[in-house]
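Visitor: The structure follows.
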Amino acid sequence: MIYPGLQDRMVKNMAKNNERSHKAQVVLERFEKKLNRQIVGSLVACVHCGNCTDCCHYVLANPGDTTFAPAYKADQIRKIFKRHFDWTGRVLPWWVKAKSVYTDEDLENLKDIVFGKCTNCRRCSINCPMGVDYATFNRMARGLLVSVGIMPEGVAVVSKDQWEIGNQMGVLKEDYIETLEWLSEELEMEMNDPEAVIPIDKEDVDIVYTINPREIKYDPRTISDAARIFYQARESWTMPSDGWDMTNFGLFSGDDDLGGAVAGRVYEATRKLRGKKLVMSECGHGYRSTRCEGPNWAKDDIDFEMESSVITMLDYVKSGRIKIDKSKNDSSYTFHDSCNNARSCGLFDEPRELLQLAVDDFREMYPNRAENYCCTGGGGAMSMSEYSARRLKSAKVKADQLKATGAKYVVTSCHNCVDGLTDVIKHYKLDMQVTQLVNLVANALVEERRGIPVPEIPVEVKPAVSLSGKKILVTDDEPDFLTFLTAVLEDNGASVLTASNGDEAIRLALAEKPDLITLDLSMPGKSGIETFEILRKDDDTTSIPVCIITGKPEMRRLIYERAVIPPEGYVDKPVDEEGILVNVRKTLELVHKK
Amino acid sequence: MDFQHFAEHRLQEIALLIMAIVYILRLRWLLKFKAGKERQPKTGLPGTTMKKGILYSWANIFMPWAMESTRARFFIYLQFAFFHVGVTLAILLSFLIPYAPGLLEISVLVIAFQIFIGLACVIGILRILRRISNKYMRAISTPDDYFSLILLTVWFFFATLSVPNNGGTIQLIYFLLTAFFLIYVPFSKISHYLYYPFTRYYFGKTMGYRGTYPLKHITPPQS
């Protein structure tokens, strides 16, 4: 342990001798390369007027804590710029509070600001009289830290998955294809039409449809809803087998190389299939990354059309290609503008127009559009579990905004916002649910049966693996979650055993030989990772499928790096009933097939 | 040539020349950074364009209703407006006294100048108090912020008293302060007006191209 006084003296000595840690040195070298005229303008133009202060949801929810003020946060980056690139700061650093970075600890402190105290929502940017775009250079600072390996664990894990596996949730290609085939079969049965399918890699189509991997993992209903809409619109469409993830963690991590590579995969897939238009499902950061920032990162002048599925659906309804009956959506609805869709891409009116065509009772949220508050899960915050408490505290502003609408549903065109808002609703105990436009439009569809019956040849129907008779061992140290999980599984026919720590789980697994074990990773005493390793190494339990359910996505890497067979299932918290059932069934199905 | 005359003429010319040279160097420095290229196709509604975005962005400061930050703190906005009117008039005064003293024989003009510059001086004091008393303002303030504000407030004070063009020590101090001000400005936060057209241009261009600017407000219905 280094005493604070000694630490300060060490830093002062380093500053005096102009010595730096390797990482600090690299950050400074790369800083200059990242500067462009827009960023330099924003770095020099701030007059410290304080007008941005009350525009930030972190400030509003943490009164008195000045470290959340946008200008203060911006200054932590600005002071480095001033010390090295701005003349007054170079000559008289104390006069303008210019200061360099010397140690890895300085960089860690900067990490806490740029990742943990800002969601890059850009609300302060549109409220700055000088036009200072803090969010843009905050992203730049994130990129600098990422380039030397300083970032929240969750950001590292997700970025690694997107680099190596090709999507941010580590969904394997076979799982993706299998899920699409399963959804396609369901659609075909439902519509009683062999043409009602989800086409994969079909060439020369009008639309190449790309999605968020969250849809595959937790919310396949949004894919089948979109497929039903395409079917009813008689659309010529397909989903690519590669380059299907239109989300882009490069936007959150500030890594332009990752951003370019991920966007490039989507563009390549569209060109390979000779698609006329690339349509992105409802995802705010995915839309912004692919539609707006991607061409810049990938240095690619796009030669095909790109649009949000919101615009596609609106066009179908307005042109009469699909008919919807708004009385089918008979609750009350409000709309949450995603920061990336709205503030950064101008998608304000289309979702509202579509929503008003799909529901009767629409209630505007205030403030809205470009002035709406972040869902508080933006900027990759949902993957940074170390800042969860801070995020949820700052969500008070959003919770109040939601509550004031009195609506039963909040509609949003962003998967990140779906998760962020779900967390807010749960944390602040609001009587509300989150949904998306695709779900509402699909629900309101006036479906036209095409009258082409499925041939009488018996179709091999793959029923979902039943939980009836299955013995499931649930392990979690949170009593509430244990109760919730037990109730969900028992309601679906499973017989449930519970363990609140690793030792108990091992003992029960050996004694009861369950069909499946769900395992939390972060538990007091023996951690989930150790427990998992012991279970895998023991001959009596090695073949029992394990589904990890964790609130710490950054621990994913730790479990996959073990020298044992990886877990069969993996679910990030927060998770709802449907998400749990889908994943538990899929895990059992996988084992059943093997 | 007495010192008063030197301070009102030659000293100002030298200071202006230094300021112009430093500004040219500063602009050269800023322009050496490449402007980020935007390759993405346009987004947003058909009525929103890059050009509209830029114009809206530049005009933003004259539309206190356009931003929540100015809408919600209208008194602060008014302070900003009168403070900057005061700056403009105090600069203009440094040209009127040596080059068009006849105009300062018009009593209405003298009174108007004194009211506006005097008001700016009062606002300067309010701004100093706000910067010292507000926790958030203190956290973001640098010595340059305090010094620039105090410098301007003192300058306003002497400018207000110098408007009648009676000469003497007060007017001499006003011109000495003006010369110092001209030389100091390019190195301080006061030079923000040099960057304003750039930051606002680029932000407006992006926001216009992406359909965010001009902002559309839907206000809550009056209950």
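FYI, nothing fancy with the structure tokens labels: chains A, B, ... in order, residues from 1 per chain, ligands from 1 as they appear.
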For stretch 584-586 of chain A, find every residue with an atom within 10 Å (counting only C-alpha atoms), except residues of its own chain fewer than 5 positions away, and show them as a ChimeraX atom specification.

Guide: /A:175,179,217,464-467,472,489,516-518,545-547,568-571,578-579,591-592

Visitor: Show which residues sit within 8 Å of stretch 24-29 of chain A, as a list in words. Count only C-alpha atoms, and ignore same-chain residues fewer than 2 positions away.

Guide: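 The contact residues come out as Arg20, Ser21, His22, Phe31, Glu32, Lys33, Val101, Tyr102, Thr103, Asp104, Leu107, Leu144, Leu145, Ser147 and Val148 of chain A.
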
Visitor: Rank A:Asn18, A:Asn13, A:Asn167, A:Asn127 by their smallest atom-to-atom distance to chain B, using only C-alpha atoms, and report the top residue only.

Guide: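 So, comparing all the options, the nearest one is A:Asn127.
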
Visitor: Listing only residues of chain A within 6 Å of chain B, what is the closest atom pair and its distance in Å (to one decimal) for each, using only C-alpha atoms, sorted by chain and residue number ascending, as JSON lines?

Guide:
{"residue": "A:Asn36", "atom": "CA", "partner": "B:Phe33", "partner_atom": "CA", "distance": 5.1}
{"residue": "A:Arg37", "atom": "CA", "partner": "B:Ala35", "partner_atom": "CA", "distance": 4.8}
{"residue": "A:Gly41", "atom": "CA", "partner": "B:Thr199", "partner_atom": "CA", "distance": 5.4}
{"residue": "A:Ala45", "atom": "CA", "partner": "B:His192", "partner_atom": "CA", "distance": 5.3}
{"residue": "A:Asn51", "atom": "CA", "partner": "B:Ser69", "partner_atom": "CA", "distance": 5.7}
{"residue": "A:Thr66", "atom": "CA", "partner": "B:Tyr136", "partner_atom": "CA", "distance": 5.4}
{"residue": "A:Tyr72", "atom": "CA", "partner": "B:Ile140", "partner_atom": "CA", "distance": 5.4}
{"residue": "A:Thr88", "atom": "CA", "partner": "B:Phe187", "partner_atom": "CA", "distance": 6.0}
{"residue": "A:Trp95", "atom": "CA", "partner": "B:Pro143", "partner_atom": "CA", "distance": 5.2}
{"residue": "A:Val96", "atom": "CA", "partner": "B:Thr142", "partner_atom": "CA", "distance": 5.3}
{"residue": "A:Lys97", "atom": "CA", "partner": "B:Thr142", "partner_atom": "CA", "distance": 5.9}
{"residue": "A:Asn127", "atom": "CA", "partner": "B:Met67", "partner_atom": "CA", "distance": 5.5}
{"residue": "A:Met130", "atom": "CA", "partner": "B:Tyr196", "partner_atom": "CA", "distance": 5.9}
{"residue": "A:Gly131", "atom": "CA", "partner": "B:Arg200", "partner_atom": "CA", "distance": 4.9}
{"residue": "A:Cys292", "atom": "CA", "partner": "B:Gln40", "partner_atom": "CA", "distance": 5.1}
{"residue": "A:Pro295", "atom": "CA", "partner": "B:Gln40", "partner_atom": "CA", "distance": 5.6}
{"residue": "A:Asn296", "atom": "CA", "partner": "B:Arg39", "partner_atom": "CA", "distance": 5.6}
{"residue": "A:Cys345", "atom": "CA", "partner": "B:Arg210", "partner_atom": "CA", "distance": 4.9}
{"residue": "A:Gly346", "atom": "CA", "partner": "B:Gly211", "partner_atom": "CA", "distance": 4.3}
{"residue": "A:Leu347", "atom": "CA", "partner": "B:Gly44", "partner_atom": "CA", "distance": 5.9}
